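Below is one structure, written out as structure tokens, with a few remarks after it.
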Amino acid sequence: MDSEKQARIGRLKWHCRRALLELDIVFQRFWMQQGDDIDAGSEAALTRLLAFEDHDLWDLVNGRATIDDEELEKCIGMLRTAGFGAESGVFG
Amino acid sequence: MSYTVRKFDAVIVGAGGAGLRAAIQLSEAGYKTAVLTKVFPTRSHTVAAQGGVAASLGNSEEDHWHWHMYDTVKGSDWLGDQDAIEFMCRKANEVVVELEHYGMPFDRLDNGKIYQRPFGGHMSNFGEKPVRRSCAAADRTGHAMLHAMYQRNVKVNTQFFVEWMALDLIRDPEGDVQGVTAMDMETGEIVAFHSKATIFATGGAGRIYYSSTNAFINTGDGVGMAARAGIPLEDMEFWQFHPTGVAGAGVLITEGVRGEGGILRNSNGERFMERYAPNAKDLASRDVVSRAMVTEINEGRGCGPNKDFVLLDITHLPPETIMKRLPGIHEIALQFAGVDALKEPIPVVPTCHYQMGGIPTNYRGEVVIGVDSTPVKGFYAAGECACASVHGANRLGTNSLLDLLVFGKSAGETAVEDLKKSGAHKPLDTASIDATLARVNRLNTQTGGSNVHETRLAMQRTMQKHAGVFRFNELLKEGVTKILEVADDVARTEIKDKSQVFNTARIEAFELDNLIEVAKATMISAEARKESRGAHVRDDAIDNDVTPNGRDDQNWLKHTLWHRDGNRLEYKPVKMKPLTVDTIELKKRAY
């Protein structure tokens, strides 16, 4: 990965630090599963998603709200299906 | 390694509720004010607060600040300072109305007044019956509060430094505080923020525990920085726990689940609460349930490969009841425990929620040191990182948002008063800055060191096992030894990634430097306090008429002060004398 992309991913990862623990965990699992080298489409969708307010974002992830946007829907789907389980641990 | 210097009248670290409230006070007074924050202000953990803010407005029924004060003193198990508690309860109406004027969208009554709802521990007429005292904005009170105060700060020209991490307090040889060193996450640049007033509003450090409801940003940065600068930490043994957090994740499972018939089971499938609370069973109070859970785990009847959680079983309930009455629980269990709660029980453990102790302050928001509470010139703190002490040994719900409003404002007001009397900036003490640079350089050049993630996990597991919700003498003694061993590893953490731009590995290493100070203070203070009081519950504390619920007022009605230097402890008296009313006399805490 070139240093420019590494910096962009570092910034995205930091923007995944949220006010709500629920989202912290969802994003942590997303990165563990996807790794740093995500494609440009996912990077763009994630960037847009991270601009949402925490409660709204959590409503989208837990299915209490929906959004009419194919790219964001796909990204939310990836967040929802990222690995889970009590023994996977929380690192923050 | 180089650094630059930027001068401000005031620097505030943290942009949650307390930091934003303090900043309004300073910027409105015309002082050049910088707010440093790791994340965008409206993503601070204050967002997670849902319950509301307590104020005796009396909009729905008769209420009085003196009743609120009584509830808070009693809730604190008499460890709260009664002058600070009176101050907070008397100021509550004022700060809530101010917030309304800033644009806070409180829920309303039909007559247009702020709607108020009841909340645990808040009573009328000195403990007689529940009272409606909590002011809320639906279930997004903290979120709405941050937005209202952020907008106000934009209006009054507060200067925000977003995605900056404060590293160390700058304290000169006379003990006066001159600002902080900080790192711009975007560039890795180190800057000394030289100020006449420095306010810490960095929130709690719940991430010291393995199971915590706190977001990942709650790493006790201000508390760690204060400890490294020689400021003692007050009452760090007191942490509030919730009985049912999802094991391994910390996400809360509401008490409503047990209210609807959920049952706690151990590894034998036994409904163990029948042994601990034959009448209330699973619906016993939070502390009773938490203690029973820990006892089951400690006696080897925990579940899972490490036998470190119990199970919350709702599989016997009709699926339609679960989906109708407990919406969200099915999703939370699926997302965070990987179980379908309709078919399998949910793994749960008592989970750390709130830090009652912190940087010692008085009700004016000044940081104070020593048994005589001498103010530190130029240094103020407010919110969860501070210990005023209004929560004492146990916080009442909705008093946390009140704390950050009242003491955020108070710290700001006191700083304004002091700035009016101040002259030019004192010459910058470069020794403090050199210490920061040495710390940064140590991390950048460390080889053969310890892994940040593994070391943090070791700290969290040690805290959970040895200083959890229910405490045992031998476990605490072992815990002191173990946490000091972990601290040795923290001093030699190593990061592989040395890049400058948004290097999250470096940030996490600095956060761990702060967390470990909180962890040491907690373990050592908890081991030393040989009684049960509020949230600090020991199995060897004797419950009799002299020491009700194990509370030993004769020997332990005093605040702990932990000093980083040599892990020394000293104690200072609880302020039993309020500002204007009579002392609320000691009695057994019972509801």
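Just remember, in the structure tokens the first chain shown is A, the second B, etc., residues are 1-based per chain, and ligands are 1-based in the order shown.
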
**OP:** Write out as a ChimeraX atom specification the residues lying within 7 Å of region 1-17 of chain A, counting only C-alpha atoms and excluding same-chain residues fewer than 6 positions away.
**Re:** /A:24,27,36,47,50 /B:216-217,501-504

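The residue set within 10 Å of Glu22 (chain A), counting only C-alpha atoms and dropping same-chain residues fewer than 2 places from it, reads Arg18, Ala19, Leu20, Asp24, Ile25, Val26, Phe27, Asp54, Trp58, Val61 and Asn62 of chain A; Thr213, Asn214, Ala215, Ala249, Gly250, Val251, Leu252, Ile332, Gln335 and Phe336 of chain B.
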
**OP:** Give the helix (DSSP H, G or I) residues of region 199-252 of chain B, as assigned by DSSP on the backbone, as a ChimeraX atom specification.
**Re:** /B:206-208,221-228

**OP:** Extract, using only C-alpha atoms, all DNA, RNA and protein residues at most 12 Å from Gly41 (chain A), discarding same-chain residues fewer than 5 positions from it, and format them as a ChimeraX atom specification.
**Re:** /A:46-48,70-72,74-75

For chain B against chain A, which residues fall within 9 Å using only C-alpha atoms, given as a PDB file with N, CA and C atoms, in the first residue's frame?
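The resulting file, iface_13.pdb, is shown below:
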ATOM      1  N   VAL B  39     -11.619  13.550  18.990  1.00  0.00           N
ATOM      2  CA  VAL B  39     -12.653  13.299  17.972  1.00  0.00           C
ATOM      3  C   VAL B  39     -13.515  14.552  17.823  1.00  0.00           C
ATOM      4  N   PHE B  40     -14.277  14.618  16.751  1.00  0.00           N
ATOM      5  CA  PHE B  40     -15.142  15.769  16.552  1.00  0.00           C
ATOM      6  C   PHE B  40     -16.065  15.916  17.784  1.00  0.00           C
ATOM      7  N   THR B  42     -19.088  16.533  18.596  1.00  0.00           N
ATOM      8  CA  THR B  42     -20.391  15.853  18.738  1.00  0.00           C
ATOM      9  C   THR B  42     -20.266  14.335  18.653  1.00  0.00           C
ATOM     10  N   ARG B  43     -19.024  13.840  18.603  1.00  0.00           N
ATOM     11  CA  ARG B  43     -18.821  12.384  18.715  1.00  0.00           C
ATOM     12  C   ARG B  43     -18.193  12.018  20.053  1.00  0.00           C
ATOM     13  N   SER B  44     -18.247  12.924  21.005  1.00  0.00           N
ATOM     14  CA  SER B  44     -17.750  12.620  22.348  1.00  0.00           C
ATOM     15  C   SER B  44     -18.717  11.642  23.025  1.00  0.00           C
ATOM     16  N   HIS B  45     -18.238  10.996  24.071  1.00  0.00           N
ATOM     17  CA  HIS B  45     -19.031   9.926  24.694  1.00  0.00           C
ATOM     18  C   HIS B  45     -20.273  10.465  25.410  1.00  0.00           C
ATOM     19  N   THR B  46     -20.339  11.767  25.645  1.00  0.00           N
ATOM     20  CA  THR B  46     -21.560  12.362  26.217  1.00  0.00           C
ATOM     21  C   THR B  46     -22.780  11.978  25.369  1.00  0.00           C
ATOM     22  N   VAL B  47     -22.561  11.754  24.083  1.00  0.00           N
ATOM     23  CA  VAL B  47     -23.633  11.332  23.168  1.00  0.00           C
ATOM     24  C   VAL B  47     -24.388  10.110  23.701  1.00  0.00           C
ATOM     25  N   ALA B  48     -23.667   9.237  24.399  1.00  0.00           N
ATOM     26  CA  ALA B  48     -24.272   7.979  24.846  1.00  0.00           C
ATOM     27  C   ALA B  48     -25.249   8.171  26.006  1.00  0.00           C
ATOM     28  N   ARG B 140     -32.079  10.889  23.350  1.00  0.00           N
ATOM     29  CA  ARG B 140     -30.836  11.438  22.805  1.00  0.00           C
ATOM     30  C   ARG B 140     -30.412  12.699  23.554  1.00  0.00           C
ATOM     31  N   HIS B 143     -26.660  13.718  23.206  1.00  0.00           N
ATOM     32  CA  HIS B 143     -26.422  14.115  21.821  1.00  0.00           C
ATOM     33  C   HIS B 143     -26.946  15.529  21.564  1.00  0.00           C
ATOM     34  N   GLU B 163      -9.050  16.329  16.389  1.00  0.00           N
ATOM     35  CA  GLU B 163      -8.102  15.252  16.124  1.00  0.00           C
ATOM     36  C   GLU B 163      -6.691  15.640  16.565  1.00  0.00           C
ATOM     37  N   MET B 185      -2.794  14.712  15.145  1.00  0.00           N
ATOM     38  CA  MET B 185      -2.833  13.351  14.593  1.00  0.00           C
ATOM     39  C   MET B 185      -2.599  13.343  13.085  1.00  0.00           C
ATOM     40  N   GLU B 186      -2.956  14.414  12.427  1.00  0.00           N
ATOM     41  CA  GLU B 186      -2.845  14.441  10.970  1.00  0.00           C
ATOM     42  C   GLU B 186      -1.394  14.538  10.505  1.00  0.00           C
ATOM     43  N   ARG B 207     -12.249   2.164  30.042  1.00  0.00           N
ATOM     44  CA  ARG B 207     -11.556   1.127  29.258  1.00  0.00           C
ATOM     45  C   ARG B 207     -10.463   0.426  30.058  1.00  0.00           C
ATOM     46  N   TYR B 210     -11.952  -4.974  31.334  1.00  0.00           N
ATOM     47  CA  TYR B 210     -12.182  -5.843  30.180  1.00  0.00           C
ATOM     48  C   TYR B 210     -13.611  -5.688  29.683  1.00  0.00           C
ATOM     49  N   SER B 211     -14.534  -5.608  30.624  1.00  0.00           N
ATOM     50  CA  SER B 211     -15.923  -5.411  30.240  1.00  0.00           C
ATOM     51  C   SER B 211     -16.350  -4.018  30.659  1.00  0.00           C
ATOM     52  N   SER B 212     -16.624  -3.176  29.666  1.00  0.00           N
ATOM     53  CA  SER B 212     -16.941  -1.781  29.935  1.00  0.00           C
ATOM     54  C   SER B 212     -17.985  -1.295  28.946  1.00  0.00           C
ATOM     55  N   THR B 213     -18.883  -0.445  29.432  1.00  0.00           N
ATOM     56  CA  THR B 213     -19.872   0.149  28.523  1.00  0.00           C
ATOM     57  C   THR B 213     -19.288   1.356  27.796  1.00  0.00           C
ATOM     58  N   ASN B 214     -18.089   1.767  28.200  1.00  0.00           N
ATOM     59  CA  ASN B 214     -17.503   2.990  27.646  1.00  0.00           C
ATOM     60  C   ASN B 214     -17.019   2.807  26.220  1.00  0.00           C
ATOM     61  N   ALA B 215     -17.157   3.860  25.415  1.00  0.00           N
ATOM     62  CA  ALA B 215     -16.606   3.853  24.058  1.00  0.00           C
ATOM     63  C   ALA B 215     -15.073   3.792  24.123  1.00  0.00           C
ATOM     64  N   PHE B 216     -14.455   3.434  22.994  1.00  0.00           N
ATOM     65  CA  PHE B 216     -12.996   3.242  22.985  1.00  0.00           C
ATOM     66  C   PHE B 216     -12.213   4.526  23.299  1.00  0.00           C
ATOM     67  N   ILE B 217     -12.856   5.698  23.073  1.00  0.00           N
ATOM     68  CA  ILE B 217     -12.133   6.961  23.335  1.00  0.00           C
ATOM     69  C   ILE B 217     -11.970   7.257  24.828  1.00  0.00           C
ATOM     70  N   THR B 219     -10.277   6.828  27.567  1.00  0.00           N
ATOM     71  CA  THR B 219      -9.016   6.249  28.032  1.00  0.00           C
ATOM     72  C   THR B 219      -8.365   7.066  29.143  1.00  0.00           C
ATOM     73  N   VAL B 246     -22.980  -7.524  27.717  1.00  0.00           N
ATOM     74  CA  VAL B 246     -22.649  -8.703  26.905  1.00  0.00           C
ATOM     75  C   VAL B 246     -21.176  -9.049  27.118  1.00  0.00           C
ATOM     76  N   ALA B 247     -20.907 -10.296  27.518  1.00  0.00           N
ATOM     77  CA  ALA B 247     -19.532 -10.709  27.804  1.00  0.00           C
ATOM     78  C   ALA B 247     -18.656 -10.513  26.568  1.00  0.00           C
ATOM     79  N   GLY B 248     -17.475  -9.953  26.792  1.00  0.00           N
ATOM     80  CA  GLY B 248     -16.530  -9.755  25.694  1.00  0.00           C
ATOM     81  C   GLY B 248     -16.799  -8.513  24.884  1.00  0.00           C
ATOM     82  N   ALA B 249     -17.950  -7.873  25.084  1.00  0.00           N
ATOM     83  CA  ALA B 249     -18.276  -6.679  24.305  1.00  0.00           C
ATOM     84  C   ALA B 249     -18.594  -5.489  25.210  1.00  0.00           C
ATOM     85  N   GLY B 250     -19.377  -5.730  26.280  1.00  0.00           N
ATOM     86  CA  GLY B 250     -19.707  -4.643  27.209  1.00  0.00           C
ATOM     87  C   GLY B 250     -21.021  -3.955  26.897  1.00  0.00           C
ATOM     88  N   VAL B 251     -21.567  -4.191  25.722  1.00  0.00           N
ATOM     89  CA  VAL B 251     -22.832  -3.536  25.352  1.00  0.00           C
ATOM     90  C   VAL B 251     -23.916  -3.933  26.353  1.00  0.00           C
ATOM     91  N   GLY B 304     -18.427 -20.851  29.440  1.00  0.00           N
ATOM     92  CA  GLY B 304     -17.444 -20.588  28.390  1.00  0.00           C
ATOM     93  C   GLY B 304     -16.108 -21.220  28.691  1.00  0.00           C
ATOM     94  N   GLY B 328     -34.700  -4.913  19.908  1.00  0.00           N
ATOM     95  CA  GLY B 328     -33.293  -4.536  19.983  1.00  0.00           C
ATOM     96  C   GLY B 328     -32.456  -5.562  20.717  1.00  0.00           C
ATOM     97  N   GLU B 331     -31.323  -8.253  18.375  1.00  0.00           N
ATOM     98  CA  GLU B 331     -30.271  -7.746  17.478  1.00  0.00           C
ATOM     99  C   GLU B 331     -28.942  -7.595  18.222  1.00  0.00           C
ATOM    100  N   ILE B 332     -28.996  -7.069  19.449  1.00  0.00           N
ATOM    101  CA  ILE B 332     -27.763  -6.886  20.231  1.00  0.00           C
ATOM    102  C   ILE B 332     -27.108  -8.243  20.513  1.00  0.00           C
ATOM    103  N   LEU B 334     -27.378 -10.940  18.797  1.00  0.00           N
ATOM    104  CA  LEU B 334     -26.863 -11.465  17.528  1.00  0.00           C
ATOM    105  C   LEU B 334     -25.568 -10.757  17.138  1.00  0.00           C
ATOM    106  N   GLN B 335     -25.580  -9.421  17.242  1.00  0.00           N
ATOM    107  CA  GLN B 335     -24.421  -8.635  16.816  1.00  0.00           C
ATOM    108  C   GLN B 335     -23.216  -8.815  17.735  1.00  0.00           C
ATOM    109  N   PHE B 336     -23.458  -8.853  19.047  1.00  0.00           N
ATOM    110  CA  PHE B 336     -22.329  -8.757  19.970  1.00  0.00           C
ATOM    111  C   PHE B 336     -22.017 -10.036  20.729  1.00  0.00           C
ATOM    112  N   ALA B 337     -22.937 -11.002  20.708  1.00  0.00           N
ATOM    113  CA  ALA B 337     -22.620 -12.277  21.348  1.00  0.00           C
ATOM    114  C   ALA B 337     -22.671 -13.409  20.334  1.00  0.00           C
ATOM    115  N   GLY B 338     -23.177 -13.120  19.152  1.00  0.00           N
ATOM    116  CA  GLY B 338     -23.258 -14.157  18.125  1.00  0.00           C
ATOM    117  C   GLY B 338     -24.279 -15.230  18.460  1.00  0.00           C
ATOM    118  N   VAL B 339     -25.280 -14.877  19.263  1.00  0.00           N
ATOM    119  CA  VAL B 339     -26.299 -15.880  19.610  1.00  0.00           C
ATOM    120  C   VAL B 339     -27.691 -15.391  19.206  1.00  0.00           C
ATOM    121  N   PRO B 347     -24.480 -14.582  26.845  1.00  0.00           N
ATOM    122  CA  PRO B 347     -23.407 -14.489  27.845  1.00  0.00           C
ATOM    123  C   PRO B 347     -23.295 -13.075  28.400  1.00  0.00           C
ATOM    124  N   HIS B 453      -1.505  -4.018  22.234  1.00  0.00           N
ATOM    125  CA  HIS B 453      -2.790  -4.715  22.372  1.00  0.00           C
ATOM    126  C   HIS B 453      -2.738  -5.770  23.481  1.00  0.00           C
ATOM    127  N   GLU B 454      -1.679  -6.566  23.492  1.00  0.00           N
ATOM    128  CA  GLU B 454      -1.571  -7.625  24.511  1.00  0.00           C
ATOM    129  C   GLU B 454      -1.440  -7.033  25.914  1.00  0.00           C
ATOM    130  N   ARG B 456      -2.522  -4.060  26.938  1.00  0.00           N
ATOM    131  CA  ARG B 456      -3.817  -3.485  27.331  1.00  0.00           C
ATOM    132  C   ARG B 456      -4.778  -4.577  27.782  1.00  0.00           C
ATOM    133  N   LEU B 457      -4.772  -5.677  27.048  1.00  0.00           N
ATOM    134  CA  LEU B 457      -5.649  -6.799  27.403  1.00  0.00           C
ATOM    135  C   LEU B 457      -5.270  -7.364  28.776  1.00  0.00           C
ATOM    136  N   SER B 499       4.993   5.684  11.148  1.00  0.00           N
ATOM    137  CA  SER B 499       4.562   6.782  10.280  1.00  0.00           C
ATOM    138  C   SER B 499       3.967   7.918  11.115  1.00  0.00           C
ATOM    139  N   GLN B 500       3.892   9.101  10.485  1.00  0.00           N
ATOM    140  CA  GLN B 500       3.457  10.300  11.214  1.00  0.00           C
ATOM    141  C   GLN B 500       1.964  10.589  11.058  1.00  0.00           C
ATOM    142  N   VAL B 501       1.398  10.229   9.895  1.00  0.00           N
ATOM    143  CA  VAL B 501       0.034  10.666   9.573  1.00  0.00           C
ATOM    144  C   VAL B 501      -1.001   9.655  10.068  1.00  0.00           C
ATOM    145  N   PHE B 502      -1.871  10.083  10.957  1.00  0.00           N
ATOM    146  CA  PHE B 502      -2.926   9.236  11.524  1.00  0.00           C
ATOM    147  C   PHE B 502      -2.410   7.841  11.885  1.00  0.00           C
ATOM    148  N   ASN B 503      -1.368   7.840  12.681  1.00  0.00           N
ATOM    149  CA  ASN B 503      -0.789   6.579  13.133  1.00  0.00           C
ATOM    150  C   ASN B 503      -1.570   6.132  14.383  1.00  0.00           C
ATOM    151  N   THR B 504      -2.589   5.297  14.152  1.00  0.00           N
ATOM    152  CA  THR B 504      -3.463   4.908  15.266  1.00  0.00           C
ATOM    153  C   THR B 504      -2.727   4.027  16.279  1.00  0.00           C
ATOM    154  N   GLU B 508      -2.811   4.749  20.271  1.00  0.00           N
ATOM    155  CA  GLU B 508      -3.238   3.742  21.246  1.00  0.00           C
ATOM    156  C   GLU B 508      -2.166   3.487  22.306  1.00  0.00           C
TER     157      GLU B 508
END

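Comparing the minimum interatomic distances between Gly220 (chain B) and each of B:Gly566, B:Gly127, B:Pro350, B:Gly204, counting only C-alpha atoms, we find that B:Gly204 sits nearest.
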
Original post:
Just how far from CA of His466 (chain B) is CA of Ile329 (chain B), in Å to one decimal?
Top reply: 29.6 Å

Original post:
Residues at most 10 Å from Arg442 (chain B), counting only C-alpha atoms, excluding those fewer than 5 positions away in the same chain, as a count of residues only?
Top reply: 7
